[in-house]
Structure formats: structure tokens, C-alpha cells
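Here's the structure we're looking at; comments come further down.
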Amino acid sequence: MGNILTNLLNSAGALSTYTRAFDVIQNNITNANTPGYASQDQSLQAASFDPAQGVGGGVLAGPLIDSRSEYLEQDVRNQQQLLGNAQQRSTDLSQVQPLFALTGTAGISNDLNNFFNSFLDLSVNPNDAGSRQSVLDAAGQVAQSFKQTATGIAQVAGNVATETTDSVAQVNQLASQIAALNQQFATNPDARNDPGLAAQLNTALESLSSISSYSTIKLGDGGVNVFLAGQTPLVLGGQQLKISSGTSSSAATIQDSQGNDITSQITTGSLGALIKEQNVTLPGYTAQLNALAQSFADQVNGQLAQGVDANGSAPVTNLFSYDQTNDAASTLAVTNITPDQIAAASAAAPGGNGNALAIAQLATAPAANGVTFTEAYGELGSQVGQDVANATNDQTQAQDLVTQAHQQRSQVSGVNLNAEAAKLLQFQQAYQAVGKLVSVLNDLTQTLMNMIPNA
């Protein structure tokens, strides 16, 4: 009778263990598409079996086995950093590229050609009032094109500044989530083995990786400390240390929770791209555009100053004006010069076309750092185009690497529905077998009970 009871107890324990295994399988299947979730496996342990000592054996539920691979998780995060950086550059710089039209009937390149052609036309009939007005009209269009391009770059820079602030807010939001999860790990001993909390933590970390690089230190309770760019504390246990953004001389700056400048630390992810765009790339485009506008205006004004106007007088008014060197493109304008004040003739031949021809020849002169004005503009436009092409190519390659990293992680820690179905069938058969054993033992017990005579 004792052996029968022992076997009944062992069978009941086995049924309980298999029930836990069913729960784990069900949870895996339910979370097959949950971001950050890693499949779990219920381990089984054999109980001690020693019939001589009355130890009946059986099966026990061991610890849950988490399939998560920290190496593959880190690989996904590394690739997400590269993708976030490339996507940000591609999105932002693609807004700049249309400003530098190298072909077509609009833009600085076309307007420069029209301007120099207007002087060529003026040289044919230097005293024609209509031709002189055409020069002023063409000059105004060139100035307007420079302004529009400079304003367009400034608008993109403003958008980038806003995105930088938003990205910092996202970093702080994710840090807050991680700190809250750390608190749950710290206050609940069972939380360390909670796959749901682990999924939330790894999802937050993966989202953070697309914004900036960071390093983590695993805590004994299951939480993590996070250091932005591997240096600046962002999350320490349940404490969040907020970062902030600001501007210094129109440049993006990032400060840690103590107000220290950590801008130079952040070079990857979307935030790294935004910082470089605001501090290096876009100012570089603007500086080259300003230099071109200044050189163009100065050389045209300088050449006009060497001639005489329709009245044979030396010119007293420049054709172009701008405020200062660092905003020449955005402030370039035609002065209040009148058509008759255009110095189309050379000083040696009043009423002639010598100076008009000299200005027209600036179109093919190496007047801008050894190249023509149009070529200098083309080089700037080509640089923008190359930067966009590089960003687009980087995005494509990074996306492929992210996809590959996700696939590798999924093969190791993702939920395989076929594998879960096979495990379900295996435990179902074992459960049914134990259930039959319990039924037999129950019948046997009943038979034995019926064999005992009534007192």
C-alpha cells in the first residue's frame, strides 16, 4: 500500500511539473511577436530515487532556461547604432540636396550664367536702356537665388536643432523606463526570472541604441546600469540621470546631469548624426556658399569700379551689397544703382563696351579658388550630392546588417512555433501517460480497499 501511495504522490508531482511546462510553452507562443521577448524552456530534474530507503524518485520542475544571448543582443544594438546614424543623415541631407540644382532653369548655376550673359548682351549695345535694365534684373535674380539657398540650409539646420532636442528627450524617456524596470528588479526577488520584464528592458535598450552608443553593467538582481557613450552615467540602479541639450554659438551641445559638456562623446546613432550635421556639415555648406557669394559680389563690384557709366563718370555705387562675410549669401542684394550707373565702358573708352566684356569674361575666369564661379558652385552641389549618396548607401548596408543580426538573434532566442508545437506534443503524451498511471493506481487502490474486510 505504501508503494502505491508513493507512486500516486510521484505521479501527482509529475502532473504538476508538466502543467508548468505547458504554461511556459503557452507563454512562449503568446509572446512569439512580442518585442524583446526571448523564448523560455522549463527544465526538468529527476528526484532522488532509492527504493531501499523509501525514496520514490519522480520528476521535478527545475529553473526556467532563458534563451537570450547577450552577445547577439549587443550585435543587434551595434548595428542599430549604425542604422540610426545613417538614416538620420540620409533624411536630413536629402532636404538640402534640392537646394543645389546643378541642371535645369532655376538655381544659382543657371542664374550665374544668365547674369554673365546679360553683360554679354549689354556689350553688343552698351548704351541701350533695356539691356542695362536686364543686367539689374539678372543681378537681382542671382542675389535672390543665393538668399533662397542660404535660407533653405538655415531651415534644415533649424529642423536638425529641433530633432536634437527631441532625441535628447527620447534618451531621457528611455532612461526613465530602464530605471523604473531596475526598481522592479530590485524590489521583487522573483522579477529576475520574469521574461516579461526582461523583454521590456531589452526593448528599451535596443531603442536607445538607435539614438546613441552606450555601455551597460549587469546588476545581480537583473537590472542594468547604463553609461551613455560608455562614459556618462545615464541610469544607476533605479536612478535616472537626465541629459540636456542646448546651443552655444549656434552649435549643438549636450550636457550631463551635472551640466558638463559631453557633446564630443556622442558620435554614433541618430543623435551623433544630428550633432555632426548641426556643428560641422551644415555650417560647412553655408561657409562655402558665403565664400562664393562674397567672391562673386566683390569681383563683380571690383571690375565695375574700373569702368565708367553711361555719363562717362566713375561709378559711385556698387552693383551688389552684403552685410558681412559670414552671412554674405543670405544678405546678398542689388543696391539702389540705376541702369545708367552701370559701368559698361572702360575708362579709356567712354561709351564703349570694354568693361561689359570684362565682366562677361568672369564667367570663364578662374575667379573662385582657381575655378569659375559656376564650377565652384558645382563642386559644392556635388559635395552635397555625394554626402547624400554616402548616407543612403550606409543606410542600405546598415539595414541589411540589422536584418541579419535580427535573424541570427531570432534563430537563437526567438520563439520557434514548430519547436513549441513539438514540445507541446511531447509533454502532452507524457501527461497522458502519467494520467493513465494515476488511473491504474487509483483502481488498484480501490481494489485493495475493497479487499479489506469490514470490521
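Letters for chains follow the order of the C-alpha cells (A, B, ...), residue numbers begin at 1 for each chain, and ligand numbers begin at 1 in the order shown.
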Identify, with DSSP run on backbone atoms, the residues in region 154-286 of chain A assigned to alpha helix (DSSP H), and express the list as a PDB file with N, CA and C atoms, in the first residue's frame.
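New file out_33.pdb:
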```
ATOM      1  N   ALA A 154      19.501  77.102 -43.669  1.00  0.00           N
ATOM      2  CA  ALA A 154      19.181  77.539 -42.307  1.00  0.00           C
ATOM      3  C   ALA A 154      17.927  76.843 -41.785  1.00  0.00           C
ATOM      4  N   GLN A 155      16.943  76.633 -42.664  1.00  0.00           N
ATOM      5  CA  GLN A 155      15.716  75.946 -42.251  1.00  0.00           C
ATOM      6  C   GLN A 155      16.001  74.492 -41.884  1.00  0.00           C
ATOM      7  N   VAL A 156      16.832  73.842 -42.691  1.00  0.00           N
ATOM      8  CA  VAL A 156      17.218  72.464 -42.364  1.00  0.00           C
ATOM      9  C   VAL A 156      17.959  72.435 -41.036  1.00  0.00           C
ATOM     10  N   ALA A 157      18.847  73.406 -40.817  1.00  0.00           N
ATOM     11  CA  ALA A 157      19.582  73.477 -39.552  1.00  0.00           C
ATOM     12  C   ALA A 157      18.626  73.662 -38.378  1.00  0.00           C
ATOM     13  N   GLY A 158      17.574  74.476 -38.597  1.00  0.00           N
ATOM     14  CA  GLY A 158      16.578  74.650 -37.542  1.00  0.00           C
ATOM     15  C   GLY A 158      15.842  73.359 -37.246  1.00  0.00           C
ATOM     16  N   ASN A 159      15.509  72.613 -38.301  1.00  0.00           N
ATOM     17  CA  ASN A 159      14.855  71.315 -38.108  1.00  0.00           C
ATOM     18  C   ASN A 159      15.756  70.353 -37.345  1.00  0.00           C
ATOM     19  N   VAL A 160      17.043  70.377 -37.706  1.00  0.00           N
ATOM     20  CA  VAL A 160      18.008  69.494 -37.037  1.00  0.00           C
ATOM     21  C   VAL A 160      18.118  69.855 -35.560  1.00  0.00           C
ATOM     22  N   ALA A 161      18.113  71.145 -35.256  1.00  0.00           N
ATOM     23  CA  ALA A 161      18.185  71.571 -33.854  1.00  0.00           C
ATOM     24  C   ALA A 161      16.979  71.065 -33.068  1.00  0.00           C
ATOM     25  N   THR A 162      15.807  71.129 -33.704  1.00  0.00           N
ATOM     26  CA  THR A 162      14.590  70.624 -33.047  1.00  0.00           C
ATOM     27  C   THR A 162      14.677  69.110 -32.841  1.00  0.00           C
ATOM     28  N   GLU A 163      15.165  68.410 -33.861  1.00  0.00           N
ATOM     29  CA  GLU A 163      15.308  66.959 -33.752  1.00  0.00           C
ATOM     30  C   GLU A 163      16.323  66.582 -32.674  1.00  0.00           C
ATOM     31  N   THR A 164      17.349  67.389 -32.513  1.00  0.00           N
ATOM     32  CA  THR A 164      18.336  67.125 -31.461  1.00  0.00           C
ATOM     33  C   THR A 164      17.676  67.190 -30.090  1.00  0.00           C
ATOM     34  N   THR A 165      16.877  68.233 -29.889  1.00  0.00           N
ATOM     35  CA  THR A 165      16.155  68.366 -28.620  1.00  0.00           C
ATOM     36  C   THR A 165      15.214  67.185 -28.407  1.00  0.00           C
ATOM     37  N   ASP A 166      14.519  66.778 -29.477  1.00  0.00           N
ATOM     38  CA  ASP A 166      13.598  65.647 -29.371  1.00  0.00           C
ATOM     39  C   ASP A 166      14.351  64.352 -29.056  1.00  0.00           C
ATOM     40  N   SER A 167      15.512  64.173 -29.671  1.00  0.00           N
ATOM     41  CA  SER A 167      16.297  62.955 -29.429  1.00  0.00           C
ATOM     42  C   SER A 167      16.775  62.884 -27.983  1.00  0.00           C
ATOM     43  N   VAL A 168      17.181  64.021 -27.445  1.00  0.00           N
ATOM     44  CA  VAL A 168      17.591  64.057 -26.035  1.00  0.00           C
ATOM     45  C   VAL A 168      16.410  63.691 -25.143  1.00  0.00           C
ATOM     46  N   ALA A 169      15.220  64.182 -25.498  1.00  0.00           N
ATOM     47  CA  ALA A 169      14.017  63.835 -24.727  1.00  0.00           C
ATOM     48  C   ALA A 169      13.746  62.333 -24.802  1.00  0.00           C
ATOM     49  N   GLN A 170      13.966  61.743 -25.967  1.00  0.00           N
ATOM     50  CA  GLN A 170      13.769  60.296 -26.121  1.00  0.00           C
ATOM     51  C   GLN A 170      14.769  59.517 -25.268  1.00  0.00           C
ATOM     52  N   VAL A 171      15.999  59.982 -25.241  1.00  0.00           N
ATOM     53  CA  VAL A 171      17.009  59.327 -24.399  1.00  0.00           C
ATOM     54  C   VAL A 171      16.564  59.351 -22.941  1.00  0.00           C
ATOM     55  N   ASN A 172      16.105  60.504 -22.484  1.00  0.00           N
ATOM     56  CA  ASN A 172      15.669  60.621 -21.087  1.00  0.00           C
ATOM     57  C   ASN A 172      14.435  59.765 -20.807  1.00  0.00           C
ATOM     58  N   GLN A 173      13.534  59.684 -21.780  1.00  0.00           N
ATOM     59  CA  GLN A 173      12.343  58.850 -21.595  1.00  0.00           C
ATOM     60  C   GLN A 173      12.720  57.378 -21.472  1.00  0.00           C
ATOM     61  N   LEU A 174      13.603  56.909 -22.332  1.00  0.00           N
ATOM     62  CA  LEU A 174      14.045  55.517 -22.269  1.00  0.00           C
ATOM     63  C   LEU A 174      14.817  55.252 -20.984  1.00  0.00           C
ATOM     64  N   ALA A 175      15.628  56.218 -20.574  1.00  0.00           N
ATOM     65  CA  ALA A 175      16.367  56.063 -19.316  1.00  0.00           C
ATOM     66  C   ALA A 175      15.409  55.953 -18.135  1.00  0.00           C
ATOM     67  N   SER A 176      14.324  56.716 -18.200  1.00  0.00           N
ATOM     68  CA  SER A 176      13.313  56.643 -17.135  1.00  0.00           C
ATOM     69  C   SER A 176      12.664  55.263 -17.094  1.00  0.00           C
ATOM     70  N   GLN A 177      12.372  54.695 -18.267  1.00  0.00           N
ATOM     71  CA  GLN A 177      11.790  53.352 -18.318  1.00  0.00           C
ATOM     72  C   GLN A 177      12.743  52.315 -17.747  1.00  0.00           C
ATOM     73  N   ILE A 178      14.020  52.432 -18.112  1.00  0.00           N
ATOM     74  CA  ILE A 178      15.010  51.469 -17.626  1.00  0.00           C
ATOM     75  C   ILE A 178      15.157  51.576 -16.117  1.00  0.00           C
ATOM     76  N   ALA A 179      15.186  52.797 -15.605  1.00  0.00           N
ATOM     77  CA  ALA A 179      15.304  52.992 -14.154  1.00  0.00           C
ATOM     78  C   ALA A 179      14.097  52.399 -13.427  1.00  0.00           C
ATOM     79  N   ALA A 180      12.895  52.572 -13.993  1.00  0.00           N
ATOM     80  CA  ALA A 180      11.683  52.010 -13.375  1.00  0.00           C
ATOM     81  C   ALA A 180      11.730  50.483 -13.377  1.00  0.00           C
ATOM     82  N   LEU A 181      12.225  49.898 -14.458  1.00  0.00           N
ATOM     83  CA  LEU A 181      12.367  48.444 -14.517  1.00  0.00           C
ATOM     84  C   LEU A 181      13.412  47.973 -13.507  1.00  0.00           C
ATOM     85  N   ASN A 182      14.483  48.731 -13.363  1.00  0.00           N
ATOM     86  CA  ASN A 182      15.507  48.383 -12.368  1.00  0.00           C
ATOM     87  C   ASN A 182      14.921  48.354 -10.967  1.00  0.00           C
ATOM     88  N   GLN A 183      14.018  49.285 -10.694  1.00  0.00           N
ATOM     89  CA  GLN A 183      13.373  49.314  -9.381  1.00  0.00           C
ATOM     90  C   GLN A 183      12.543  48.057  -9.150  1.00  0.00           C
ATOM     91  N   GLN A 184      11.861  47.599 -10.208  1.00  0.00           N
ATOM     92  CA  GLN A 184      11.078  46.367 -10.066  1.00  0.00           C
ATOM     93  C   GLN A 184      11.984  45.163  -9.828  1.00  0.00           C
ATOM     94  N   PHE A 185      13.102  45.118 -10.526  1.00  0.00           N
ATOM     95  CA  PHE A 185      14.051  44.029 -10.308  1.00  0.00           C
ATOM     96  C   PHE A 185      14.591  44.062  -8.883  1.00  0.00           C
ATOM     97  N   ALA A 186      14.846  45.261  -8.381  1.00  0.00           N
ATOM     98  CA  ALA A 186      15.463  45.400  -7.056  1.00  0.00           C
ATOM     99  C   ALA A 186      14.501  45.065  -5.928  1.00  0.00           C
ATOM    100  N   THR A 187      13.217  45.367  -6.110  1.00  0.00           N
ATOM    101  CA  THR A 187      12.248  45.200  -5.027  1.00  0.00           C
ATOM    102  C   THR A 187      11.515  43.868  -5.053  1.00  0.00           C
ATOM    103  N   PRO A 195      10.265  36.829 -17.677  1.00  0.00           N
ATOM    104  CA  PRO A 195      10.612  37.103 -19.080  1.00  0.00           C
ATOM    105  C   PRO A 195       9.935  38.355 -19.620  1.00  0.00           C
ATOM    106  N   GLY A 196       8.801  38.723 -19.034  1.00  0.00           N
ATOM    107  CA  GLY A 196       8.115  39.930 -19.480  1.00  0.00           C
ATOM    108  C   GLY A 196       8.912  41.180 -19.161  1.00  0.00           C
ATOM    109  N   LEU A 197       9.446  41.275 -17.946  1.00  0.00           N
ATOM    110  CA  LEU A 197      10.275  42.422 -17.576  1.00  0.00           C
ATOM    111  C   LEU A 197      11.567  42.442 -18.379  1.00  0.00           C
ATOM    112  N   ALA A 198      12.130  41.258 -18.598  1.00  0.00           N
ATOM    113  CA  ALA A 198      13.355  41.178 -19.396  1.00  0.00           C
ATOM    114  C   ALA A 198      13.109  41.665 -20.821  1.00  0.00           C
ATOM    115  N   ALA A 199      11.934  41.336 -21.365  1.00  0.00           N
ATOM    116  CA  ALA A 199      11.593  41.792 -22.722  1.00  0.00           C
ATOM    117  C   ALA A 199      11.479  43.308 -22.767  1.00  0.00           C
ATOM    118  N   GLN A 200      10.824  43.897 -21.754  1.00  0.00           N
ATOM    119  CA  GLN A 200      10.689  45.351 -21.711  1.00  0.00           C
ATOM    120  C   GLN A 200      12.051  46.025 -21.594  1.00  0.00           C
ATOM    121  N   LEU A 201      12.927  45.459 -20.774  1.00  0.00           N
ATOM    122  CA  LEU A 201      14.253  46.035 -20.589  1.00  0.00           C
ATOM    123  C   LEU A 201      15.055  46.001 -21.885  1.00  0.00           C
ATOM    124  N   ASN A 202      15.045  44.868 -22.568  1.00  0.00           N
ATOM    125  CA  ASN A 202      15.838  44.747 -23.785  1.00  0.00           C
ATOM    126  C   ASN A 202      15.242  45.559 -24.937  1.00  0.00           C
ATOM    127  N   THR A 203      13.930  45.733 -24.945  1.00  0.00           N
ATOM    128  CA  THR A 203      13.318  46.600 -25.955  1.00  0.00           C
ATOM    129  C   THR A 203      13.748  48.042 -25.759  1.00  0.00           C
ATOM    130  N   ALA A 204      13.765  48.490 -24.504  1.00  0.00           N
ATOM    131  CA  ALA A 204      14.198  49.857 -24.213  1.00  0.00           C
ATOM    132  C   ALA A 204      15.660  50.060 -24.580  1.00  0.00           C
ATOM    133  N   LEU A 205      16.493  49.068 -24.279  1.00  0.00           N
ATOM    134  CA  LEU A 205      17.916  49.173 -24.607  1.00  0.00           C
ATOM    135  C   LEU A 205      18.137  49.196 -26.113  1.00  0.00           C
ATOM    136  N   GLU A 206      17.363  48.396 -26.839  1.00  0.00           N
ATOM    137  CA  GLU A 206      17.506  48.394 -28.290  1.00  0.00           C
ATOM    138  C   GLU A 206      17.065  49.721 -28.888  1.00  0.00           C
ATOM    139  N   SER A 207      15.991  50.302 -28.359  1.00  0.00           N
ATOM    140  CA  SER A 207      15.540  51.604 -28.842  1.00  0.00           C
ATOM    141  C   SER A 207      16.590  52.670 -28.564  1.00  0.00           C
ATOM    142  N   LEU A 208      17.209  52.592 -27.401  1.00  0.00           N
ATOM    143  CA  LEU A 208      18.243  53.562 -27.040  1.00  0.00           C
ATOM    144  C   LEU A 208      19.437  53.450 -27.974  1.00  0.00           C
ATOM    145  N   SER A 209      19.757  52.243 -28.409  1.00  0.00           N
ATOM    146  CA  SER A 209      20.945  52.039 -29.244  1.00  0.00           C
ATOM    147  C   SER A 209      20.830  52.735 -30.591  1.00  0.00           C
ATOM    148  N   GLY A 269      24.820  56.693 -33.650  1.00  0.00           N
ATOM    149  CA  GLY A 269      23.375  56.760 -33.516  1.00  0.00           C
ATOM    150  C   GLY A 269      22.826  58.019 -34.161  1.00  0.00           C
ATOM    151  N   SER A 270      21.520  58.183 -34.094  1.00  0.00           N
ATOM    152  CA  SER A 270      20.882  59.344 -34.717  1.00  0.00           C
ATOM    153  C   SER A 270      21.307  60.643 -34.048  1.00  0.00           C
ATOM    154  N   LEU A 271      21.526  60.609 -32.730  1.00  0.00           N
ATOM    155  CA  LEU A 271      21.947  61.828 -32.031  1.00  0.00           C
ATOM    156  C   LEU A 271      23.347  62.243 -32.475  1.00  0.00           C
ATOM    157  N   GLY A 272      24.235  61.290 -32.687  1.00  0.00           N
ATOM    158  CA  GLY A 272      25.564  61.609 -33.185  1.00  0.00           C
ATOM    159  C   GLY A 272      25.499  62.252 -34.557  1.00  0.00           C
ATOM    160  N   ALA A 273      24.601  61.748 -35.409  1.00  0.00           N
ATOM    161  CA  ALA A 273      24.436  62.329 -36.746  1.00  0.00           C
ATOM    162  C   ALA A 273      23.908  63.756 -36.657  1.00  0.00           C
ATOM    163  N   LEU A 274      22.931  63.979 -35.787  1.00  0.00           N
ATOM    164  CA  LEU A 274      22.357  65.316 -35.637  1.00  0.00           C
ATOM    165  C   LEU A 274      23.399  66.322 -35.159  1.00  0.00           C
ATOM    166  N   ILE A 275      24.215  65.904 -34.208  1.00  0.00           N
ATOM    167  CA  ILE A 275      25.250  66.804 -33.686  1.00  0.00           C
ATOM    168  C   ILE A 275      26.240  67.175 -34.787  1.00  0.00           C
ATOM    169  N   LYS A 276      26.684  66.195 -35.557  1.00  0.00           N
ATOM    170  CA  LYS A 276      27.633  66.475 -36.626  1.00  0.00           C
ATOM    171  C   LYS A 276      27.012  67.356 -37.704  1.00  0.00           C
ATOM    172  N   LEU A 282      26.316  71.143 -41.990  1.00  0.00           N
ATOM    173  CA  LEU A 282      25.526  72.269 -42.490  1.00  0.00           C
ATOM    174  C   LEU A 282      26.287  73.591 -42.410  1.00  0.00           C
ATOM    175  N   PRO A 283      27.009  73.882 -41.316  1.00  0.00           N
ATOM    176  CA  PRO A 283      27.834  75.099 -41.317  1.00  0.00           C
ATOM    177  C   PRO A 283      28.884  75.092 -42.417  1.00  0.00           C
ATOM    178  N   GLY A 284      29.382  73.894 -42.759  1.00  0.00           N
ATOM    179  CA  GLY A 284      30.352  73.801 -43.848  1.00  0.00           C
ATOM    180  C   GLY A 284      29.747  74.191 -45.182  1.00  0.00           C
ATOM    181  N   TYR A 285      28.523  73.716 -45.446  1.00  0.00           N
ATOM    182  CA  TYR A 285      27.839  74.109 -46.680  1.00  0.00           C
ATOM    183  C   TYR A 285      27.628  75.627 -46.712  1.00  0.00           C
ATOM    184  N   THR A 286      27.167  76.166 -45.588  1.00  0.00           N
ATOM    185  CA  THR A 286      26.885  77.605 -45.525  1.00  0.00           C
ATOM    186  C   THR A 286      28.152  78.423 -45.712  1.00  0.00           C
TER     187      THR A 286
END
```
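The shell of residues at most 7 Å from region 61-78 of chain A, with only C-alpha atoms counted and near chain neighbours (fewer than 2 positions) removed, consists of Thr17, Ala38, Ser39, Gln40, Asp41, Gln42, Ser43, Leu44, Gln45, Val59, Gln80, Gln81, Leu82, Glu206, Ser209, Val402, Ala405, His406, Arg409, Val412 and Ser413 of chain A.
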Write to file, as a PDB file, in the first residue's frame, the residues of the selection just made, with N, CA and C atoms.
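Final output, result_27.pdb:
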```pdb
ATOM      1  N   THR A  17       4.397  19.268 -12.613  1.00  0.00           N
ATOM      2  CA  THR A  17       5.573  19.717 -13.379  1.00  0.00           C
ATOM      3  C   THR A  17       5.221  19.910 -14.844  1.00  0.00           C
ATOM      4  N   ALA A  38      12.451  36.717 -25.282  1.00  0.00           N
ATOM      5  CA  ALA A  38      13.294  35.556 -25.580  1.00  0.00           C
ATOM      6  C   ALA A  38      12.580  34.314 -25.081  1.00  0.00           C
ATOM      7  N   SER A  39      12.584  33.268 -25.872  1.00  0.00           N
ATOM      8  CA  SER A  39      11.860  32.056 -25.509  1.00  0.00           C
ATOM      9  C   SER A  39      12.425  31.444 -24.229  1.00  0.00           C
ATOM     10  N   GLN A  40      11.531  30.831 -23.479  1.00  0.00           N
ATOM     11  CA  GLN A  40      11.886  30.178 -22.216  1.00  0.00           C
ATOM     12  C   GLN A  40      11.697  28.663 -22.355  1.00  0.00           C
ATOM     13  N   ASP A  41      12.430  27.934 -21.546  1.00  0.00           N
ATOM     14  CA  ASP A  41      12.296  26.480 -21.560  1.00  0.00           C
ATOM     15  C   ASP A  41      12.247  25.993 -20.116  1.00  0.00           C
ATOM     16  N   GLN A  42      11.250  25.147 -19.814  1.00  0.00           N
ATOM     17  CA  GLN A  42      11.133  24.598 -18.468  1.00  0.00           C
ATOM     18  C   GLN A  42      12.053  23.395 -18.344  1.00  0.00           C
ATOM     19  N   SER A  43      13.077  23.531 -17.514  1.00  0.00           N
ATOM     20  CA  SER A  43      13.985  22.406 -17.311  1.00  0.00           C
ATOM     21  C   SER A  43      13.366  21.398 -16.349  1.00  0.00           C
ATOM     22  N   LEU A  44      13.738  20.146 -16.514  1.00  0.00           N
ATOM     23  CA  LEU A  44      13.248  19.061 -15.659  1.00  0.00           C
ATOM     24  C   LEU A  44      14.402  18.457 -14.876  1.00  0.00           C
ATOM     25  N   GLN A  45      14.140  18.073 -13.658  1.00  0.00           N
ATOM     26  CA  GLN A  45      15.156  17.452 -12.818  1.00  0.00           C
ATOM     27  C   GLN A  45      14.594  16.166 -12.222  1.00  0.00           C
ATOM     28  N   VAL A  59       9.798  13.313 -11.039  1.00  0.00           N
ATOM     29  CA  VAL A  59      10.344  14.438 -11.817  1.00  0.00           C
ATOM     30  C   VAL A  59       9.974  15.745 -11.140  1.00  0.00           C
ATOM     31  N   GLN A  80      22.144  48.669 -34.832  1.00  0.00           N
ATOM     32  CA  GLN A  80      21.107  49.697 -34.724  1.00  0.00           C
ATOM     33  C   GLN A  80      21.728  51.086 -34.626  1.00  0.00           C
ATOM     34  N   GLN A  81      22.888  51.194 -33.944  1.00  0.00           N
ATOM     35  CA  GLN A  81      23.579  52.477 -33.856  1.00  0.00           C
ATOM     36  C   GLN A  81      23.966  52.974 -35.241  1.00  0.00           C
ATOM     37  N   LEU A  82      24.528  52.075 -36.047  1.00  0.00           N
ATOM     38  CA  LEU A  82      24.947  52.448 -37.396  1.00  0.00           C
ATOM     39  C   LEU A  82      23.749  52.828 -38.256  1.00  0.00           C
ATOM     40  N   GLU A 206      17.363  48.396 -26.839  1.00  0.00           N
ATOM     41  CA  GLU A 206      17.506  48.394 -28.290  1.00  0.00           C
ATOM     42  C   GLU A 206      17.065  49.721 -28.888  1.00  0.00           C
ATOM     43  N   SER A 209      19.757  52.243 -28.409  1.00  0.00           N
ATOM     44  CA  SER A 209      20.945  52.039 -29.244  1.00  0.00           C
ATOM     45  C   SER A 209      20.830  52.735 -30.591  1.00  0.00           C
ATOM     46  N   VAL A 402      21.385  45.002 -39.878  1.00  0.00           N
ATOM     47  CA  VAL A 402      20.398  44.909 -38.794  1.00  0.00           C
ATOM     48  C   VAL A 402      19.483  43.719 -39.026  1.00  0.00           C
ATOM     49  N   ALA A 405      21.384  40.624 -38.207  1.00  0.00           N
ATOM     50  CA  ALA A 405      21.553  40.479 -36.755  1.00  0.00           C
ATOM     51  C   ALA A 405      20.260  40.028 -36.093  1.00  0.00           C
ATOM     52  N   HIS A 406      19.128  40.575 -36.553  1.00  0.00           N
ATOM     53  CA  HIS A 406      17.832  40.158 -36.012  1.00  0.00           C
ATOM     54  C   HIS A 406      17.563  38.685 -36.315  1.00  0.00           C
ATOM     55  N   ARG A 409      19.691  36.503 -34.055  1.00  0.00           N
ATOM     56  CA  ARG A 409      19.146  36.505 -32.698  1.00  0.00           C
ATOM     57  C   ARG A 409      17.874  35.674 -32.621  1.00  0.00           C
ATOM     58  N   VAL A 412      18.355  31.979 -32.332  1.00  0.00           N
ATOM     59  CA  VAL A 412      18.822  31.505 -31.025  1.00  0.00           C
ATOM     60  C   VAL A 412      17.783  31.715 -29.935  1.00  0.00           C
ATOM     61  N   SER A 413      17.196  32.909 -29.886  1.00  0.00           N
ATOM     62  CA  SER A 413      16.325  33.231 -28.758  1.00  0.00           C
ATOM     63  C   SER A 413      14.879  33.523 -29.147  1.00  0.00           C
TER      64      SER A 413
END
```
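Of the residues under consideration (A:Ser244, A:Thr268, A:Asn418, A:Ser11), A:Thr268 shows the shortest atom-to-atom contact distance to Gln88 (chain A) when counting only C-alpha atoms.
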Show which residues sit within 9 Å of Thr19 (chain A), as a PyMOL selection string. Count only C-alpha atoms, and ignore same-chain residues fewer than 5 positions away.
-> chain A and resi 14+24+427+431
